[in-house]
>>> print(open('data.cif').read())   # mmCIF, C-alpha atoms (C1' of nucleotides)
data_work
loop_
_atom_site.label_atom_id
_atom_site.label_comp_id
_atom_site.auth_asym_id
_atom_site.auth_seq_id
_atom_site.Cartn_x
_atom_site.Cartn_y
_atom_site.Cartn_z
CA MET A 1 27.86 8.35 14.02
CA SER A 2 26.56 11.60 15.42
CA ALA A 3 28.70 14.29 13.82
CA VAL A 4 27.59 13.38 10.33
CA ASN A 5 24.39 14.66 8.83
CA ILE A 6 21.52 12.77 10.33
CA GLN A 7 19.83 12.29 7.00
CA VAL A 8 22.86 10.44 5.70
CA TRP A 9 22.71 8.17 8.70
CA ALA A 10 18.96 7.72 8.27
CA VAL A 11 19.46 6.54 4.69
CA ASP A 12 21.85 3.97 6.02
CA ALA A 13 19.54 2.83 8.77
CA LEU A 14 16.58 2.60 6.42
CA GLY A 15 18.68 0.65 3.96
CA ALA A 16 19.69 -1.74 6.69
CA LEU A 17 16.03 -2.42 7.45
CA ALA A 18 15.01 -2.61 3.80
CA HIS A 19 15.70 -6.28 3.44
CA GLU A 20 13.41 -9.15 4.22
CA THR A 21 15.90 -11.09 6.33
CA ARG A 22 17.34 -8.09 8.11
CA LEU A 23 13.97 -6.63 8.96
CA ALA A 24 12.89 -9.99 10.32
CA VAL A 25 16.05 -10.22 12.40
CA PHE A 26 15.69 -6.73 13.73
CA ARG A 27 12.12 -7.39 14.78
CA MET A 28 13.21 -10.65 16.34
CA LEU A 29 15.80 -8.82 18.42
CA VAL A 30 13.45 -6.04 19.41
CA THR A 31 10.91 -8.51 20.71
CA ALA A 32 13.66 -10.61 22.31
CA GLY A 33 14.30 -7.72 24.66
CA PRO A 34 17.57 -6.76 26.40
CA ASP A 35 18.97 -10.29 26.54
CA GLY A 36 19.12 -10.45 22.79
CA MET A 37 20.01 -13.58 20.87
CA ILE A 38 23.08 -15.53 19.86
CA ALA A 39 24.32 -15.24 16.29
CA GLY A 40 23.94 -18.92 15.53
CA THR A 41 20.39 -19.03 16.81
CA ILE A 42 19.48 -16.01 14.75
CA ALA A 43 20.83 -17.61 11.59
CA GLU A 44 19.02 -20.81 12.36
CA GLN A 45 15.69 -19.15 13.07
CA ALA A 46 15.95 -17.05 9.92
CA LYS A 47 16.94 -20.10 7.89
CA VAL A 48 20.01 -18.45 6.44
CA PRO A 49 23.61 -19.75 6.38
CA PRO A 50 25.87 -18.36 9.11
CA SER A 51 28.12 -16.48 6.74
CA THR A 52 25.23 -14.74 5.07
CA MET A 53 23.71 -13.85 8.39
CA SER A 54 27.01 -12.50 9.58
CA HIS A 55 26.93 -9.95 6.78
CA HIS A 56 23.41 -8.93 7.62
CA LEU A 57 24.20 -8.56 11.29
CA ALA A 58 27.22 -6.43 10.42
CA THR A 59 25.05 -4.22 8.25
CA LEU A 60 22.56 -3.68 11.04
CA GLU A 61 25.33 -3.00 13.50
CA ARG A 62 27.08 -0.49 11.27
CA ALA A 63 23.77 1.30 10.95
CA GLY A 64 23.53 1.57 14.71
CA LEU A 65 20.39 -0.53 14.97
CA ILE A 66 21.81 -3.48 16.86
CA GLN A 67 24.74 -4.10 19.17
CA ALA A 68 27.07 -7.05 19.48
CA GLU A 69 28.74 -8.37 22.57
CA ARG A 70 31.00 -11.36 22.76
CA GLU A 71 30.64 -13.78 25.65
CA SER A 72 33.31 -16.42 25.33
CA ARG A 73 32.64 -18.23 22.08
CA LEU A 74 29.17 -16.83 21.56
CA ILE A 75 28.23 -13.42 20.28
CA HIS A 76 25.09 -11.84 21.61
CA TYR A 77 23.20 -9.43 19.45
CA ARG A 78 20.60 -7.11 20.86
CA ALA A 79 18.50 -4.29 19.47
CA ASP A 80 19.95 -0.83 19.90
CA TYR A 81 16.95 1.00 21.22
CA GLU A 82 18.64 4.36 20.97
CA GLY A 83 19.24 3.97 17.27
CA MET A 84 15.71 2.78 16.73
CA SER A 85 14.35 5.71 18.67
CA LYS A 86 16.54 8.12 16.75
CA LEU A 87 15.26 6.83 13.45
CA LEU A 88 11.61 7.01 14.42
CA THR A 89 12.06 10.48 15.80
CA PHE A 90 13.74 11.61 12.63
CA LEU A 91 10.95 10.22 10.48
CA MET A 92 8.28 11.89 12.56
CA LYS A 93 9.78 15.35 12.88
CA ASP A 94 8.83 16.41 9.38
CA CYS A 95 5.25 15.25 9.53
CA CYS A 96 4.75 17.27 12.62
CA GLN A 97 5.93 20.35 10.76
CA GLY A 98 4.11 19.75 7.51
CA ALA A 99 1.01 17.91 8.60
CA PRO A 100 0.30 18.21 12.29
CA ASP A 101 -3.16 16.71 11.73
CA MET A 102 -1.78 13.47 10.50
CA CYS A 103 0.93 13.53 13.12
CA ALA A 104 -1.79 13.71 15.72
CA ASP A 105 -3.54 10.77 14.08
CA ILE A 106 -0.42 8.68 14.31
CA PHE A 107 -0.03 9.45 17.98
CA THR A 108 -3.62 8.54 18.55
CA ASN A 109 -3.21 5.18 16.88
CA LEU A 110 0.07 4.46 18.59
CA THR A 111 -0.23 3.41 22.16
CA CYS A 112 1.69 0.56 23.63
CA ASN A 113 -1.57 -1.19 24.31
CA GLY A 114 -3.14 -0.77 20.92
CA MET B 1 -1.31 -3.38 -1.35
CA SER B 2 -3.19 -4.53 1.70
CA ALA B 3 -3.75 -8.25 1.13
CA VAL B 4 -0.04 -8.96 1.01
CA ASN B 5 2.05 -9.50 4.11
CA ILE B 6 2.72 -6.17 5.71
CA GLN B 7 6.35 -6.95 6.30
CA VAL B 8 6.88 -7.43 2.59
CA TRP B 9 5.33 -4.06 1.99
CA ALA B 10 7.42 -2.50 4.77
CA VAL B 11 10.61 -3.74 3.14
CA ASP B 12 9.51 -2.00 -0.02
CA ALA B 13 8.62 1.22 1.73
CA LEU B 14 11.87 1.25 3.69
CA GLY B 15 13.78 0.59 0.48
CA ALA B 16 12.02 3.48 -1.17
CA LEU B 17 13.17 5.79 1.60
CA ALA B 18 16.66 4.35 1.76
CA HIS B 19 18.09 6.66 -0.86
CA GLU B 20 19.48 10.13 -0.35
CA THR B 21 17.47 11.76 -3.13
CA ARG B 22 14.25 9.92 -2.41
CA LEU B 23 14.38 10.57 1.30
CA ALA B 24 14.98 14.24 0.62
CA VAL B 25 12.04 14.33 -1.80
CA PHE B 26 9.77 12.57 0.61
CA ARG B 27 10.62 14.98 3.39
CA MET B 28 10.13 17.85 0.97
CA LEU B 29 6.65 16.61 0.16
CA VAL B 30 5.73 15.94 3.75
CA THR B 31 6.64 19.48 4.76
CA ALA B 32 5.00 20.87 1.62
CA GLY B 33 1.68 19.73 3.00
CA PRO B 34 -1.47 18.70 1.12
CA ASP B 35 -0.82 20.88 -1.94
CA GLY B 36 2.30 18.92 -2.73
CA MET B 37 4.72 19.90 -5.47
CA ILE B 38 5.03 19.65 -9.23
CA ALA B 39 7.36 17.03 -10.68
CA GLY B 40 9.54 19.56 -12.47
CA THR B 41 10.00 21.66 -9.39
CA ILE B 42 10.92 18.63 -7.34
CA ALA B 43 13.58 17.62 -9.85
CA GLU B 44 14.93 21.14 -9.95
CA GLN B 45 15.09 21.53 -6.18
CA ALA B 46 16.76 18.17 -5.79
CA LYS B 47 19.20 19.00 -8.62
CA VAL B 48 18.48 15.80 -10.47
CA PRO B 49 17.55 15.33 -14.15
CA PRO B 50 13.82 14.89 -14.81
CA SER B 51 14.11 11.34 -16.05
CA THR B 52 16.05 10.26 -13.01
CA MET B 53 13.58 11.98 -10.74
CA SER B 54 10.71 10.33 -12.51
CA HIS B 55 12.10 6.93 -11.57
CA HIS B 56 12.48 7.96 -7.97
CA LEU B 57 8.97 9.36 -7.80
CA ALA B 58 7.62 6.15 -9.30
CA THR B 59 9.46 4.13 -6.68
CA LEU B 60 7.98 6.18 -3.87
CA GLU B 61 4.54 5.96 -5.40
CA ARG B 62 4.69 2.19 -5.86
CA ALA B 63 5.64 1.92 -2.22
CA GLY B 64 2.52 3.85 -1.25
CA LEU B 65 4.42 6.75 0.26
CA ILE B 66 3.41 9.46 -2.18
CA GLN B 67 0.52 10.07 -4.56
CA ALA B 68 0.43 11.57 -8.04
CA GLU B 69 -2.32 13.61 -9.61
CA ARG B 70 -2.25 15.10 -13.08
CA GLU B 71 -3.55 18.61 -13.58
CA SER B 72 -3.35 19.42 -17.24
CA ARG B 73 0.29 19.24 -18.20
CA LEU B 74 1.59 19.24 -14.67
CA ILE B 75 1.73 16.34 -12.28
CA HIS B 76 1.34 17.07 -8.61
CA TYR B 77 2.98 14.81 -6.11
CA ARG B 78 1.99 14.82 -2.48
CA ALA B 79 2.92 12.74 0.54
CA ASP B 80 0.64 9.82 1.26
CA TYR B 81 0.09 10.28 4.95
CA GLU B 82 -1.69 7.00 5.31
CA GLY B 83 1.29 5.05 3.98
CA MET B 84 3.62 7.00 6.20
CA SER B 85 1.47 6.36 9.21
CA LYS B 86 1.23 2.68 8.36
CA LEU B 87 4.98 2.37 8.19
CA LEU B 88 5.60 4.15 11.48
CA THR B 89 2.95 2.11 13.19
CA PHE B 90 4.46 -1.08 11.89
CA LEU B 91 7.92 -0.12 13.10
CA MET B 92 6.63 0.75 16.53
CA LYS B 93 4.45 -2.25 17.19
CA ASP B 94 7.33 -4.56 18.02
CA CYS B 95 9.11 -2.23 20.35
CA CYS B 96 5.98 -1.89 22.35
CA GLN B 97 5.90 -5.64 22.77
CA GLY B 98 9.58 -6.19 23.40
CA ALA B 99 10.64 -3.02 25.10
CA PRO B 100 7.76 -1.00 26.46
CA ASP B 101 10.20 1.17 28.39
CA MET B 102 11.88 2.43 25.31
CA CYS B 103 8.57 2.72 23.54
CA ALA B 104 7.45 5.04 26.29
CA ASP B 105 10.63 7.05 25.87
CA ILE B 106 9.94 7.55 22.22
CA PHE B 107 6.45 8.77 22.91
CA THR B 108 7.80 11.14 25.49
CA ASN B 109 10.28 12.63 23.08
CA LEU B 110 7.80 12.84 20.27
CA THR B 111 5.38 15.65 20.54
CA CYS B 112 4.48 17.84 17.64
CA ASN B 113 5.92 20.78 19.51
CA GLY B 114 9.21 19.21 20.50
"C1'" DT C 1 49.37 -28.86 22.25
"C1'" DT C 2 45.62 -30.62 19.77
"C1'" DC C 3 40.84 -30.70 18.78
"C1'" DA C 4 36.27 -28.77 18.45
"C1'" DT C 5 32.98 -25.07 18.16
"C1'" DA C 6 31.16 -20.34 17.11
"C1'" DA C 7 31.51 -16.82 14.26
"C1'" DT C 8 33.66 -13.90 10.93
"C1'" DT C 9 36.13 -12.57 6.71
"C1'" DC C 10 37.56 -13.71 1.96
"C1'" DG C 11 36.51 -14.16 -2.69
"C1'" DA C 12 33.96 -14.68 -6.67
"C1'" DT C 13 29.47 -14.71 -8.86
"C1'" DA C 14 24.75 -13.40 -9.35
"C1'" DT C 15 21.31 -10.06 -8.84
"C1'" DT C 16 19.39 -5.70 -8.18
"C1'" DT C 17 19.35 -0.85 -8.29
"C1'" DC C 18 20.76 3.59 -10.19
"C1'" DT C 19 21.52 6.87 -13.79
"C1'" DG C 20 20.46 9.90 -17.53
"C1'" DG C 21 20.19 10.80 -22.71
"C1'" DA C 22 17.00 9.72 -26.36
"C1'" DA C 23 12.48 8.61 -27.76
"C1'" DT C 24 7.64 8.78 -26.58
"C1'" DT C 25 3.16 10.21 -24.55
"C1'" DA C 26 -0.07 13.74 -22.80
"C1'" DT C 27 -1.87 18.16 -22.95
"C1'" DA C 28 -2.61 22.75 -24.48
"C1'" DA C 29 -1.77 26.97 -27.25
"C1'" DA C 30 -0.96 29.26 -31.79
"C1'" DT D 1 -2.49 20.93 -37.76
"C1'" DT D 2 1.78 22.50 -36.03
"C1'" DT D 3 4.56 23.74 -32.23
"C1'" DA D 4 5.88 23.78 -27.46
"C1'" DT D 5 6.03 22.14 -22.74
"C1'" DA D 6 5.82 18.68 -18.93
"C1'" DA D 7 6.59 14.37 -17.81
"C1'" DT D 8 7.30 9.59 -18.53
"C1'" DT D 9 9.19 5.32 -20.49
"C1'" DC D 10 12.92 2.98 -22.99
"C1'" DC D 11 17.42 1.34 -22.94
"C1'" DA D 12 21.96 0.16 -21.79
"C1'" DG D 13 25.89 0.68 -19.10
"C1'" DA D 14 27.70 1.56 -14.28
"C1'" DA D 15 27.57 0.85 -9.49
"C1'" DA D 16 26.07 -1.18 -5.38
"C1'" DT D 17 24.12 -5.36 -2.83
"C1'" DA D 18 23.39 -10.08 -1.84
"C1'" DT D 19 24.81 -14.83 -1.49
"C1'" DC D 20 27.33 -18.53 0.44
"C1'" DG D 21 31.21 -22.12 0.36
"C1'" DA D 22 35.89 -22.13 1.82
"C1'" DA D 23 39.40 -20.28 4.64
"C1'" DT D 24 40.44 -17.89 8.88
"C1'" DT D 25 40.15 -16.07 13.64
"C1'" DA D 26 38.74 -16.46 18.50
"C1'" DT D 27 37.89 -19.08 22.36
"C1'" DG D 28 37.77 -23.00 25.39
"C1'" DA D 29 38.17 -28.03 26.56
"C1'" DA D 30 40.73 -32.45 26.50
#
>>> encode(input="data.cif", output="C-alpha cells")
Amino acid sequence: MSAVNIQVWAVDALGALAHETRLAVFRMLVTAGPDGMIAGTIAEQAKVPPSTMSHHLATLERAGLIQAERESRLIHYRADYEGMSKLLTFLMKDCCQGAPDMCADIFTNLTCNG
Amino acid sequence: MSAVNIQVWAVDALGALAHETRLAVFRMLVTAGPDGMIAGTIAEQAKVPPSTMSHHLATLERAGLIQAERESRLIHYRADYEGMSKLLTFLMKDCCQGAPDMCADIFTNLTCNG
DNA sequence: TTCATAATTCGATATTTCTGGAATTATAAA
DNA sequence: TTTATAATTCCAGAAATATCGAATTATGAA
C-alpha cells in the first residue's frame, strides 16, 4: 500500500468514499471514535442488507480507510485515521504549491472548534 | 449546488476525483494557478483524445471543482478553489468531532511549507 | 455433536461509468 | 462566404460497479 504510486492509491481511496452508503459509513466510524462499530450494527443503521454492506466495508478496508478486527463472532470496524490523514495531506499538497492564498484560507476555516 | 444536502454533493465531488485522468487534471489545474490551462493543452498533456477529455472536464465542472471560461476559440479551465475548500472542510469536520487527536496531527503535518 | 448467530463470499443481474470516432457548434481569418 | 481551428455533443459498445438472496465459513453455546 505504500510502495505504489500515491496517486493510484488516492484514486482508490476517493472511489471508496464516492458512494452515498460508504461515505455515510465512513463518517459514522470516524465519529464513533476508536471503539468503532460492529458490522451488523453498521448495516442496520445504514439500512442496507448485510451482504451488501459487507462489500462496502471490504471496499473501504482495501482502500486503507477503515480497519477490521474480529472479536469472537463479531467484527469490529473502525476508521483508519492514518489513511484518512494521508488522503487529506495528499489533496492539500498541491494547493499549497499552486495557490498558497487559498491554502491559507482553508487552514483559517479549519479549526477543530469551528 | 448549495441547497442540496452537502453529503450528496461530496459524493459527486469525490467521484469526480476518483479517476486517474481526472485527478491528474485537477492537480494540474491546481498547480497551474489562477490562469488555468486551455482544454487542448490539458488533453495533450494527459495524453487523452479531446472528446474523452471533454467528458472528464465536464464531470469536474459539474462537481464544482473546476471552472470554464471561453476566450474566443479557446476554453480556459481553472481550479475552483472554493469547491476544493468546501470538500476538504467537509471531510475534516467529522474527524474533529470523533478524533480530535488525529485532527490535530493532520494540522500539524499540513503547513504550506511542509 | 448439533444448533444458532454473525459475517462473508458466491453468483447472476442491473446499473453506471468510460471511451473515442463521427458529427456538430462556436469563433475567427482569408 | 468559404475555410480552418478549438472544443463539445452524440452515440454505441466496452468495462467497471452495485445489489442482494442463497450458500458458506467462523465461532461459540447447548
>>> calpha_fit_and_write(input="data.cif", fixed="chain B", moving="chain A", output="CSV table (one decimal) with C-alpha atoms, keeping the file's coordinate frame")
chain,number,residue,atom,x,y,z
A,1,MET,CA,-1.3,-3.3,-1.3
A,2,SER,CA,-3.1,-4.5,1.7
A,3,ALA,CA,-3.7,-8.2,1.2
A,4,VAL,CA,0.0,-8.9,1.0
A,5,ASN,CA,2.0,-9.5,4.1
A,6,ILE,CA,2.7,-6.1,5.7
A,7,GLN,CA,6.3,-6.9,6.3
A,8,VAL,CA,6.9,-7.4,2.6
A,9,TRP,CA,5.3,-4.0,2.0
A,10,ALA,CA,7.4,-2.5,4.8
A,11,VAL,CA,10.6,-3.7,3.1
A,12,ASP,CA,9.5,-2.0,0.0
A,13,ALA,CA,8.6,1.2,1.7
A,14,LEU,CA,11.9,1.3,3.7
A,15,GLY,CA,13.8,0.6,0.5
A,16,ALA,CA,12.0,3.5,-1.2
A,17,LEU,CA,13.2,5.8,1.6
A,18,ALA,CA,16.7,4.4,1.8
A,19,HIS,CA,18.1,6.7,-0.8
A,20,GLU,CA,19.5,10.1,-0.4
A,21,THR,CA,17.5,11.8,-3.1
A,22,ARG,CA,14.2,9.9,-2.4
A,23,LEU,CA,14.4,10.6,1.3
A,24,ALA,CA,15.0,14.3,0.6
A,25,VAL,CA,12.0,14.3,-1.8
A,26,PHE,CA,9.8,12.6,0.6
A,27,ARG,CA,10.6,15.0,3.4
A,28,MET,CA,10.1,17.9,1.0
A,29,LEU,CA,6.6,16.6,0.1
A,30,VAL,CA,5.7,16.0,3.7
A,31,THR,CA,6.6,19.5,4.7
A,32,ALA,CA,5.0,20.9,1.6
A,33,GLY,CA,1.7,19.7,3.0
A,34,PRO,CA,-1.5,18.7,1.1
A,35,ASP,CA,-0.8,20.9,-2.0
A,36,GLY,CA,2.3,18.9,-2.8
A,37,MET,CA,4.7,19.9,-5.5
A,38,ILE,CA,5.0,19.6,-9.3
A,39,ALA,CA,7.3,17.0,-10.7
A,40,GLY,CA,9.5,19.5,-12.5
A,41,THR,CA,10.0,21.7,-9.4
A,42,ILE,CA,10.9,18.6,-7.4
A,43,ALA,CA,13.6,17.6,-9.9
A,44,GLU,CA,14.9,21.1,-10.0
A,45,GLN,CA,15.1,21.5,-6.2
A,46,ALA,CA,16.7,18.2,-5.8
A,47,LYS,CA,19.2,19.0,-8.6
A,48,VAL,CA,18.5,15.8,-10.5
A,49,PRO,CA,17.6,15.4,-14.2
A,50,PRO,CA,13.8,14.9,-14.8
A,51,SER,CA,14.2,11.4,-16.1
A,52,THR,CA,16.1,10.3,-13.0
A,53,MET,CA,13.6,12.0,-10.7
A,54,SER,CA,10.7,10.3,-12.5
A,55,HIS,CA,12.1,6.9,-11.6
A,56,HIS,CA,12.5,8.0,-8.0
A,57,LEU,CA,9.0,9.4,-7.8
A,58,ALA,CA,7.6,6.1,-9.3
A,59,THR,CA,9.5,4.1,-6.7
A,60,LEU,CA,8.0,6.2,-3.9
A,61,GLU,CA,4.6,5.9,-5.4
A,62,ARG,CA,4.7,2.2,-5.9
A,63,ALA,CA,5.7,1.9,-2.2
A,64,GLY,CA,2.5,3.9,-1.3
A,65,LEU,CA,4.4,6.8,0.2
A,66,ILE,CA,3.4,9.5,-2.2
A,67,GLN,CA,0.5,10.1,-4.6
A,68,ALA,CA,0.4,11.5,-8.1
A,69,GLU,CA,-2.3,13.6,-9.7
A,70,ARG,CA,-2.2,15.0,-13.1
A,71,GLU,CA,-3.6,18.5,-13.6
A,72,SER,CA,-3.4,19.3,-17.3
A,73,ARG,CA,0.3,19.2,-18.3
A,74,LEU,CA,1.6,19.2,-14.7
A,75,ILE,CA,1.7,16.3,-12.3
A,76,HIS,CA,1.3,17.0,-8.7
A,77,TYR,CA,3.0,14.8,-6.1
A,78,ARG,CA,2.0,14.8,-2.5
A,79,ALA,CA,2.9,12.7,0.5
A,80,ASP,CA,0.6,9.8,1.2
A,81,TYR,CA,0.1,10.3,4.9
A,82,GLU,CA,-1.7,7.0,5.3
A,83,GLY,CA,1.3,5.1,4.0
A,84,MET,CA,3.6,7.0,6.2
A,85,SER,CA,1.5,6.4,9.2
A,86,LYS,CA,1.2,2.7,8.4
A,87,LEU,CA,5.0,2.4,8.2
A,88,LEU,CA,5.6,4.2,11.5
A,89,THR,CA,2.9,2.1,13.2
A,90,PHE,CA,4.4,-1.1,11.9
A,91,LEU,CA,7.9,-0.1,13.1
A,92,MET,CA,6.6,0.8,16.5
A,93,LYS,CA,4.4,-2.2,17.2
A,94,ASP,CA,7.3,-4.5,18.0
A,95,CYS,CA,9.1,-2.2,20.4
A,96,CYS,CA,6.0,-1.9,22.4
A,97,GLN,CA,5.9,-5.6,22.8
A,98,GLY,CA,9.5,-6.2,23.4
A,99,ALA,CA,10.6,-3.1,25.2
A,100,PRO,CA,7.7,-1.0,26.5
A,101,ASP,CA,10.2,1.1,28.5
A,102,MET,CA,11.9,2.3,25.4
A,103,CYS,CA,8.6,2.7,23.6
A,104,ALA,CA,7.5,5.0,26.4
A,105,ASP,CA,10.7,7.0,26.0
A,106,ILE,CA,10.0,7.5,22.3
A,107,PHE,CA,6.5,8.7,23.0
A,108,THR,CA,7.9,11.1,25.6
A,109,ASN,CA,10.4,12.6,23.1
A,110,LEU,CA,7.9,12.8,20.3
A,111,THR,CA,5.4,15.6,20.6
A,112,CYS,CA,4.5,17.8,17.7
A,113,ASN,CA,6.0,20.7,19.6
A,114,GLY,CA,9.3,19.2,20.5
>>> atom_distance(input="data.cif", atom1="atom CA of A:Gly83", atom2="atom CA of B:Gln97")
17.3 Å
>>> interface_residues(input="data.cif", of="chain D", to="chain A", cutoff="9 Å", atoms="only C-alpha atoms (C1' of nucleotides)", output="NGL selection string")
:D and (18-20 or 26-28)
>>> interface_residues(input="data.cif", of="chain C", to="chain A", cutoff="12 Å", atoms="all atoms listed in the file", output="list in words")
DA4, DT5, DA6, DA7, DT8, DT9 and DC10 of chain C
>>> atom_distance(input="data.cif", atom1="atom CA of A:Thr31", atom2="atom CA of B:Ala99")
7.0 Å
>>> resolve_selection(input="data.cif", expression="the PyMOL selection byres ((chain A and resi 8) around 12)", output="list in words")
Met1, Ser2, Ala3, Val4, Asn5, Ile6, Gln7, Trp9, Ala10, Val11, Asp12, Ala13, Leu14, Gly15, Ala63, Leu87 and Phe90 of chain A; Leu17, Ala18, His19, Glu20, Thr21, Arg22, Leu23 and Ala24 of chain B
>>> atom_distance(input="data.cif", atom1="atom CA of B:Thr41", atom2="atom CA of B:Gly64")
21.0 Å
>>> closest_residue(input="data.cif", among="A:Ala68, A:Ala43, A:Val25, A:Leu91", to="chain B", atoms="only C-alpha atoms")
A:Leu91
>>> resolve_selection(input="data.cif", expression="the PyMOL selection byres ((chain C and resi 1) around 12)", output="count of residues only")
3
>>> resolve_selection(input="data.cif", expression="the PyMOL selection byres ((chain C and resi 21-29) around 9)", output="list of chain:residue names")
B:Ser72, B:Arg73, C:DG20, C:DA30, D:DT3, D:DA4, D:DT5, D:DA6, D:DA7, D:DT8, D:DT9, D:DC10
>>> residues_around(input="data.cif", residues="A:Pro34", least_positions_apart="4", cutoff="10 Å", atoms="all atoms listed in the file", output="list in words")
Leu29, Val30, Tyr77, Arg78, Ala79, Asp80 and Tyr81 of chain A; Gly98 and Ala99 of chain B
>>> write_last_selection(input="data.cif", atoms="C-alpha atoms", output="CSV table (one decimal), keeping the file's coordinate frame")
chain,number,residue,atom,x,y,z
A,29,LEU,CA,15.8,-8.8,18.4
A,30,VAL,CA,13.4,-6.0,19.4
A,77,TYR,CA,23.2,-9.4,19.4
A,78,ARG,CA,20.6,-7.1,20.9
A,79,ALA,CA,18.5,-4.3,19.5
A,80,ASP,CA,20.0,-0.8,19.9
A,81,TYR,CA,17.0,1.0,21.2
B,98,GLY,CA,9.6,-6.2,23.4
B,99,ALA,CA,10.6,-3.0,25.1
>>> closest_residue(input="data.cif", among="B:Ala46, B:Leu57, B:Ile66, B:Ala32", to="chain A", atoms="all atoms listed in the file")
B:Ala32
>>> closest_residue(input="data.cif", among="A:Glu69, A:Glu82, A:Glu61, A:Glu44", to="chain B", atoms="all atoms listed in the file")
A:Glu82
>>> build_atoms(input="data.cif", residues="stretch 84-99 of chain B", atoms="N, CA, C and O atoms", output="mmCIF file, in the frame of the given file")
data_model
loop_
_atom_site.group_PDB
_atom_site.id
_atom_site.type_symbol
_atom_site.label_atom_id
_atom_site.label_comp_id
_atom_site.auth_asym_id
_atom_site.auth_seq_id
_atom_site.Cartn_x
_atom_site.Cartn_y
_atom_site.Cartn_z
ATOM 1 N N MET B 84 2.649 6.595 5.191
ATOM 2 C CA MET B 84 3.620 7.000 6.200
ATOM 3 C C MET B 84 3.224 6.506 7.578
ATOM 4 O O MET B 84 4.023 5.922 8.310
ATOM 5 N N SER B 85 1.976 6.751 7.900
ATOM 6 C CA SER B 85 1.470 6.360 9.210
ATOM 7 C C SER B 85 1.536 4.839 9.385
ATOM 8 O O SER B 85 1.922 4.327 10.435
ATOM 9 N N LYS B 86 1.204 4.142 8.312
ATOM 10 C CA LYS B 86 1.230 2.680 8.360
ATOM 11 C C LYS B 86 2.636 2.170 8.643
ATOM 12 O O LYS B 86 2.839 1.246 9.443
ATOM 13 N N LEU B 87 3.599 2.798 8.000
ATOM 14 C CA LEU B 87 4.980 2.370 8.190
ATOM 15 C C LEU B 87 5.449 2.633 9.617
ATOM 16 O O LEU B 87 6.041 1.756 10.266
ATOM 17 N N LEU B 88 5.185 3.822 10.117
ATOM 18 C CA LEU B 88 5.600 4.150 11.480
ATOM 19 C C LEU B 88 4.932 3.240 12.502
ATOM 20 O O LEU B 88 5.570 2.763 13.432
ATOM 21 N N THR B 89 3.673 3.001 12.282
ATOM 22 C CA THR B 89 2.950 2.110 13.190
ATOM 23 C C THR B 89 3.567 0.725 13.191
ATOM 24 O O THR B 89 3.805 0.129 14.243
ATOM 25 N N PHE B 90 3.850 0.243 11.999
ATOM 26 C CA PHE B 90 4.460 -1.080 11.890
ATOM 27 C C PHE B 90 5.783 -1.147 12.643
ATOM 28 O O PHE B 90 6.051 -2.105 13.371
ATOM 29 N N LEU B 91 6.601 -0.119 12.454
ATOM 30 C CA LEU B 91 7.920 -0.120 13.100
ATOM 31 C C LEU B 91 7.799 -0.060 14.619
ATOM 32 O O LEU B 91 8.639 -0.585 15.335
ATOM 33 N N MET B 92 6.763 0.592 15.082
ATOM 34 C CA MET B 92 6.630 0.750 16.530
ATOM 35 C C MET B 92 6.027 -0.447 17.233
ATOM 36 O O MET B 92 6.331 -0.699 18.392
ATOM 37 N N LYS B 93 5.184 -1.158 16.543
ATOM 38 C CA LYS B 93 4.450 -2.250 17.190
ATOM 39 C C LYS B 93 5.356 -3.185 17.979
ATOM 40 O O LYS B 93 5.088 -3.503 19.125
ATOM 41 N N ASP B 94 6.455 -3.584 17.363
ATOM 42 C CA ASP B 94 7.330 -4.560 18.020
ATOM 43 C C ASP B 94 7.994 -4.019 19.256
ATOM 44 O O ASP B 94 8.124 -4.719 20.249
ATOM 45 N N CYS B 95 8.423 -2.752 19.171
ATOM 46 C CA CYS B 95 9.110 -2.230 20.350
ATOM 47 C C CYS B 95 8.171 -2.238 21.523
ATOM 48 O O CYS B 95 8.578 -2.507 22.646
ATOM 49 N N CYS B 96 6.941 -1.918 21.252
ATOM 50 C CA CYS B 96 5.980 -1.890 22.350
ATOM 51 C C CYS B 96 5.930 -3.246 23.028
ATOM 52 O O CYS B 96 5.917 -3.354 24.251
ATOM 53 N N GLN B 97 5.933 -4.286 22.215
ATOM 54 C CA GLN B 97 5.900 -5.640 22.770
ATOM 55 C C GLN B 97 7.166 -5.978 23.525
ATOM 56 O O GLN B 97 7.146 -6.494 24.620
ATOM 57 N N GLY B 98 8.307 -5.713 22.872
ATOM 58 C CA GLY B 98 9.580 -6.190 23.400
ATOM 59 C C GLY B 98 10.210 -5.271 24.412
ATOM 60 O O GLY B 98 10.931 -5.701 25.300
ATOM 61 N N ALA B 99 9.957 -3.983 24.256
ATOM 62 C CA ALA B 99 10.640 -3.020 25.100
ATOM 63 C C ALA B 99 9.748 -1.833 25.396
ATOM 64 O O ALA B 99 9.986 -0.727 24.948
#
